[in-house]
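Asker: First the structure, which I've put down as structure tokens, then a few questions once you've had a look.
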Amino acid sequence: MAKRDRITVSLDTDRPVSEAAKARIRKTVRAALRAEGVSVPCEINVLLTDDKGIKKLNRAMRGINRATDVLSFPMFAYKPGYPPKSLKNADPSTGLTPLGDMAISVERVAAQAKEYGHSEKRELSYLTVHSVLHLLGYDHMDEGKMKKRMRRREEAILEILNAER
């Protein structure tokens, strides 16, 4: 039997997070990895936190003293469209390729879902896809073609998940 991806979801918030939300994150990560052509088993750690927790992480890791919706910490510098296809970066003890870590503010999920007029499920899926794409080398810091390419991939993956707008 082939190894499966390991997606660990941990909590650092007093806000309630349902098992369904955790399952949605795992399903979304797996869908994004497959849609991007990742063919090796991977490991991703997901931290669900609140605005206070993500602000602390943002300050410590990026020097930005404010809350944000999602943070991504890639383990390797992949190029967009060129995901890991071999086990050269795999952890020898697990056989899994560690892609990195992500942190999502559950407070931002709720606030942005309301702001954009869609469900919290859709917002959680969007932020998860967004972060997976960052782990795979996508970026949106410019307003040019890289950002457009990332947005197209986000929407295509959300469509696969039936989580489009």
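Naming scheme: A, B, ... for chains in displayed order of the structure tokens; residues 1 onward per chain; ligands 1 onward as shown.
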List every residue of chain A that DSSP, applied to the backbone of this structure, places in alpha helix (DSSP H), and write the result as a ChimeraX atom specification.
Answerer: /A:19-35,51-62,106-116,120-135,145-160
Asker: Next, dump the selected residues to file, keeping only C-alpha atoms, as a compact mmCIF listing (two decimals), in the first residue's frame.
Answerer:
```txt
# COMPACT_ATOMS: atom_id res chain seq x y z
CA GLU A 19 -13.70 17.83 13.61
CA ALA A 20 -15.44 18.58 10.30
CA ALA A 21 -13.29 21.69 9.87
CA LYS A 22 -10.13 19.69 10.53
CA ALA A 23 -11.27 17.03 8.05
CA ARG A 24 -11.99 19.78 5.48
CA ILE A 25 -8.42 21.07 5.89
CA ARG A 26 -6.97 17.60 5.30
CA LYS A 27 -9.21 17.02 2.26
CA THR A 28 -8.34 20.44 0.86
CA VAL A 29 -4.59 19.93 1.31
CA ARG A 30 -4.75 16.56 -0.44
CA ALA A 31 -6.84 17.98 -3.30
CA ALA A 32 -4.41 20.87 -3.77
CA LEU A 33 -1.39 18.56 -3.76
CA ARG A 34 -2.97 16.25 -6.36
CA ALA A 35 -4.13 19.18 -8.51
CA ASP A 51 -5.62 36.70 15.81
CA LYS A 52 -3.43 37.01 18.90
CA GLY A 53 -1.53 33.82 18.03
CA ILE A 54 -1.04 34.60 14.36
CA LYS A 55 0.05 38.15 15.21
CA LYS A 56 2.71 36.72 17.52
CA LEU A 57 3.90 34.35 14.76
CA ASN A 58 3.87 37.11 12.16
CA ARG A 59 5.97 39.33 14.43
CA ALA A 60 8.44 36.55 15.30
CA MET A 61 8.87 35.13 11.80
CA ARG A 62 8.37 38.12 9.52
CA VAL A 106 -9.91 31.03 12.77
CA GLU A 107 -10.99 34.56 13.72
CA ARG A 108 -10.02 35.78 10.24
CA VAL A 109 -11.82 32.85 8.64
CA ALA A 110 -15.08 33.95 10.30
CA ALA A 111 -14.57 37.67 9.65
CA GLN A 112 -13.54 37.28 6.00
CA ALA A 113 -16.36 34.84 5.25
CA LYS A 114 -18.80 37.47 6.47
CA GLU A 115 -16.98 40.28 4.66
CA TYR A 116 -16.90 38.41 1.33
CA GLU A 120 -16.72 29.83 6.61
CA LYS A 121 -16.15 26.44 4.93
CA ARG A 122 -15.33 28.21 1.67
CA GLU A 123 -13.02 30.69 3.39
CA LEU A 124 -11.21 27.92 5.28
CA SER A 125 -10.79 25.99 2.02
CA TYR A 126 -9.52 29.09 0.23
CA LEU A 127 -6.92 29.93 2.90
CA THR A 128 -5.77 26.30 2.98
CA VAL A 129 -5.35 26.13 -0.82
CA HIS A 130 -3.62 29.51 -0.76
CA SER A 131 -1.14 28.28 1.81
CA VAL A 132 -0.45 24.96 0.05
CA LEU A 133 0.35 26.88 -3.11
CA HIS A 134 2.83 29.01 -1.15
CA LEU A 135 4.45 25.80 0.14
CA LYS A 145 1.52 37.40 -13.86
CA MET A 146 2.67 35.42 -10.79
CA LYS A 147 -0.27 36.71 -8.77
CA LYS A 148 -2.68 36.00 -11.64
CA ARG A 149 -1.27 32.50 -12.03
CA MET A 150 -1.69 31.82 -8.32
CA ARG A 151 -5.28 33.13 -8.33
CA ARG A 152 -6.15 30.92 -11.32
CA ARG A 153 -4.76 27.85 -9.55
CA GLU A 154 -6.63 28.72 -6.34
CA GLU A 155 -9.94 29.00 -8.17
CA ALA A 156 -9.35 25.80 -10.17
CA ILE A 157 -8.63 23.82 -7.00
CA LEU A 158 -11.61 25.32 -5.19
CA GLU A 159 -13.78 24.29 -8.13
CA ILE A 160 -12.55 20.70 -7.76
```
Asker: Just want the 12 Å neighbourhood of Leu136 in chain A, counted on only C-alpha atoms, with same-chain residues fewer than 5 positions away dropped. Output as a PyMOL selection string.
Answerer: chain A and resi 29+32-38+42+44+72-85+97-101+129-131+150+153
Asker: Next, dump the selected residues to file, keeping only N, CA, C and O atoms, as a short mmCIF file (atom, residue, chain, number, x, y, z; two decimals), in the first residue's frame.
Answerer:
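Generated output (result.cif):
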```cif
data_model
loop_
_atom_site.label_atom_id
_atom_site.label_comp_id
_atom_site.auth_asym_id
_atom_site.auth_seq_id
_atom_site.Cartn_x
_atom_site.Cartn_y
_atom_site.Cartn_z
N VAL A 29 -6.04 20.07 1.55
CA VAL A 29 -4.59 19.93 1.31
C VAL A 29 -4.34 18.83 0.29
O VAL A 29 -3.60 19.04 -0.68
N ALA A 32 -5.35 19.90 -3.22
CA ALA A 32 -4.41 20.87 -3.77
C ALA A 32 -3.11 20.19 -4.21
O ALA A 32 -2.58 20.47 -5.29
N LEU A 33 -2.61 19.27 -3.40
CA LEU A 33 -1.39 18.56 -3.76
C LEU A 33 -1.58 17.76 -5.05
O LEU A 33 -0.74 17.79 -5.95
N ARG A 34 -2.71 17.05 -5.16
CA ARG A 34 -2.97 16.25 -6.36
C ARG A 34 -3.16 17.16 -7.57
O ARG A 34 -2.64 16.86 -8.66
N ALA A 35 -3.89 18.26 -7.40
CA ALA A 35 -4.13 19.18 -8.51
C ALA A 35 -2.83 19.79 -9.02
O ALA A 35 -2.71 20.10 -10.20
N GLU A 36 -1.86 19.93 -8.14
CA GLU A 36 -0.56 20.50 -8.53
C GLU A 36 0.42 19.43 -8.99
O GLU A 36 1.57 19.74 -9.30
N GLY A 37 -0.01 18.18 -9.03
CA GLY A 37 0.84 17.12 -9.57
C GLY A 37 1.85 16.56 -8.60
O GLY A 37 2.82 15.93 -9.02
N VAL A 38 1.64 16.77 -7.31
CA VAL A 38 2.55 16.20 -6.31
C VAL A 38 2.29 14.70 -6.27
O VAL A 38 1.17 14.27 -5.97
N CYS A 42 3.61 13.47 1.23
CA CYS A 42 4.13 14.68 1.86
C CYS A 42 3.65 14.82 3.29
O CYS A 42 2.69 14.19 3.71
N ILE A 44 2.64 17.98 6.02
CA ILE A 44 2.34 19.39 6.24
C ILE A 44 1.75 19.53 7.63
O ILE A 44 0.88 18.74 8.02
N SER A 72 2.47 30.98 5.74
CA SER A 72 3.02 29.76 5.15
C SER A 72 4.52 29.76 5.32
O SER A 72 5.18 30.77 5.08
N PHE A 73 5.04 28.62 5.73
CA PHE A 73 6.48 28.48 5.96
C PHE A 73 6.99 27.26 5.18
O PHE A 73 7.01 26.15 5.70
N PRO A 74 7.39 27.48 3.91
CA PRO A 74 7.85 26.36 3.09
C PRO A 74 9.17 25.78 3.60
O PRO A 74 10.04 26.51 4.07
N MET A 75 9.28 24.47 3.49
CA MET A 75 10.51 23.79 3.87
C MET A 75 11.56 23.89 2.76
O MET A 75 12.75 24.00 3.02
N PHE A 76 11.10 23.87 1.52
CA PHE A 76 12.00 23.93 0.37
C PHE A 76 11.52 25.02 -0.59
O PHE A 76 10.36 25.42 -0.55
N ALA A 77 12.39 25.45 -1.47
CA ALA A 77 12.05 26.50 -2.44
C ALA A 77 11.70 25.86 -3.78
O ALA A 77 12.53 25.75 -4.68
N TYR A 78 10.45 25.42 -3.90
CA TYR A 78 9.98 24.87 -5.17
C TYR A 78 9.60 26.00 -6.11
O TYR A 78 9.28 27.10 -5.69
N LYS A 79 9.59 25.68 -7.40
CA LYS A 79 9.12 26.63 -8.40
C LYS A 79 7.67 26.29 -8.71
O LYS A 79 7.32 25.11 -8.81
N PRO A 80 6.82 27.30 -8.88
CA PRO A 80 5.43 27.04 -9.22
C PRO A 80 5.30 26.15 -10.45
O PRO A 80 5.97 26.39 -11.46
N GLY A 81 4.50 25.12 -10.34
CA GLY A 81 4.32 24.21 -11.46
C GLY A 81 5.35 23.10 -11.52
O GLY A 81 5.28 22.23 -12.38
N TYR A 82 6.30 23.10 -10.60
CA TYR A 82 7.34 22.07 -10.53
C TYR A 82 7.39 21.50 -9.11
O TYR A 82 8.34 21.73 -8.37
N PRO A 83 6.37 20.74 -8.76
CA PRO A 83 6.29 20.20 -7.40
C PRO A 83 7.26 19.03 -7.21
O PRO A 83 7.82 18.52 -8.19
N PRO A 84 7.42 18.61 -5.97
CA PRO A 84 8.28 17.45 -5.73
C PRO A 84 7.70 16.20 -6.41
O PRO A 84 6.52 15.91 -6.28
N LYS A 85 8.55 15.51 -7.16
CA LYS A 85 8.11 14.28 -7.83
C LYS A 85 9.02 13.11 -7.49
O LYS A 85 8.77 11.99 -7.91
N THR A 97 7.93 13.66 2.29
CA THR A 97 8.60 14.91 1.94
C THR A 97 7.94 16.03 2.73
O THR A 97 6.76 16.32 2.53
N PRO A 98 8.68 16.65 3.65
CA PRO A 98 8.09 17.75 4.43
C PRO A 98 7.97 19.00 3.57
O PRO A 98 8.96 19.52 3.08
N LEU A 99 6.74 19.46 3.36
CA LEU A 99 6.55 20.66 2.55
C LEU A 99 6.63 21.93 3.39
O LEU A 99 6.99 22.98 2.87
N GLY A 100 6.28 21.84 4.67
CA GLY A 100 6.35 23.01 5.54
C GLY A 100 5.16 23.11 6.46
O GLY A 100 4.42 22.14 6.65
N ASP A 101 5.00 24.31 6.98
CA ASP A 101 3.96 24.57 7.98
C ASP A 101 3.08 25.71 7.52
O ASP A 101 3.52 26.59 6.77
N VAL A 129 -5.90 26.25 0.54
CA VAL A 129 -5.35 26.13 -0.82
C VAL A 129 -4.27 27.19 -1.02
O VAL A 129 -3.19 26.89 -1.55
N HIS A 130 -4.57 28.41 -0.63
CA HIS A 130 -3.62 29.51 -0.76
C HIS A 130 -2.29 29.16 -0.11
O HIS A 130 -1.21 29.33 -0.71
N SER A 131 -2.35 28.62 1.09
CA SER A 131 -1.14 28.28 1.81
C SER A 131 -0.39 27.12 1.17
O SER A 131 0.84 27.14 1.05
N MET A 150 -1.31 32.39 -9.61
CA MET A 150 -1.69 31.82 -8.32
C MET A 150 -3.21 31.88 -8.14
O MET A 150 -3.82 30.90 -7.69
N ARG A 153 -4.93 29.18 -10.16
CA ARG A 153 -4.76 27.85 -9.55
C ARG A 153 -5.66 27.71 -8.33
O ARG A 153 -6.27 26.66 -8.11
#
```
Asker: When you look at Leu87 in chain A with a cut-off of 8 Å (counting only C-alpha atoms), what residues show up, excluding the ones that are within fewer than 6 positions of it in the same chain? I need them as a list in words.
Answerer: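 So, after excluding close chain neighbours, the residues are Val40, Gly95, Leu96 and Thr97 of chain A.
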Asker: With N, CA, C and O atoms retained, write the just-selected residues as a PDB file, in the first residue's frame.
Answerer:
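File written: result_15.pdb
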```pdb
ATOM      1  N   VAL A  40       4.491  12.428  -4.650  1.00  0.00           N
ATOM      2  CA  VAL A  40       5.175  11.773  -3.531  1.00  0.00           C
ATOM      3  C   VAL A  40       4.398  12.061  -2.247  1.00  0.00           C
ATOM      4  O   VAL A  40       3.743  13.098  -2.135  1.00  0.00           O
ATOM      5  N   GLY A  95       9.780   8.574   5.138  1.00  0.00           N
ATOM      6  CA  GLY A  95       9.517   8.442   3.719  1.00  0.00           C
ATOM      7  C   GLY A  95       8.638   9.564   3.174  1.00  0.00           C
ATOM      8  O   GLY A  95       8.225   9.534   2.025  1.00  0.00           O
ATOM      9  N   LEU A  96       8.360  10.571   4.008  1.00  0.00           N
ATOM     10  CA  LEU A  96       7.503  11.689   3.617  1.00  0.00           C
ATOM     11  C   LEU A  96       8.348  12.911   3.288  1.00  0.00           C
ATOM     12  O   LEU A  96       9.355  13.183   3.953  1.00  0.00           O
ATOM     13  N   THR A  97       7.932  13.661   2.286  1.00  0.00           N
ATOM     14  CA  THR A  97       8.596  14.913   1.935  1.00  0.00           C
ATOM     15  C   THR A  97       7.942  16.030   2.728  1.00  0.00           C
ATOM     16  O   THR A  97       6.759  16.324   2.529  1.00  0.00           O
TER      17      THR A  97
END
```
Asker: What gap, in Å, lies between CA of Arg15 in chain A and CA of Asn162 in chain A?
Answerer: 26.1 Å
Asker: For CA of Ile7 in chain A and CA of Val46 in chain A, determine how far apart the two atoms are, in Å to one decimal place.
Answerer: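 So the two atoms, CA of Ile7 in chain A and CA of Val46 in chain A, lie 7.2 Å apart.
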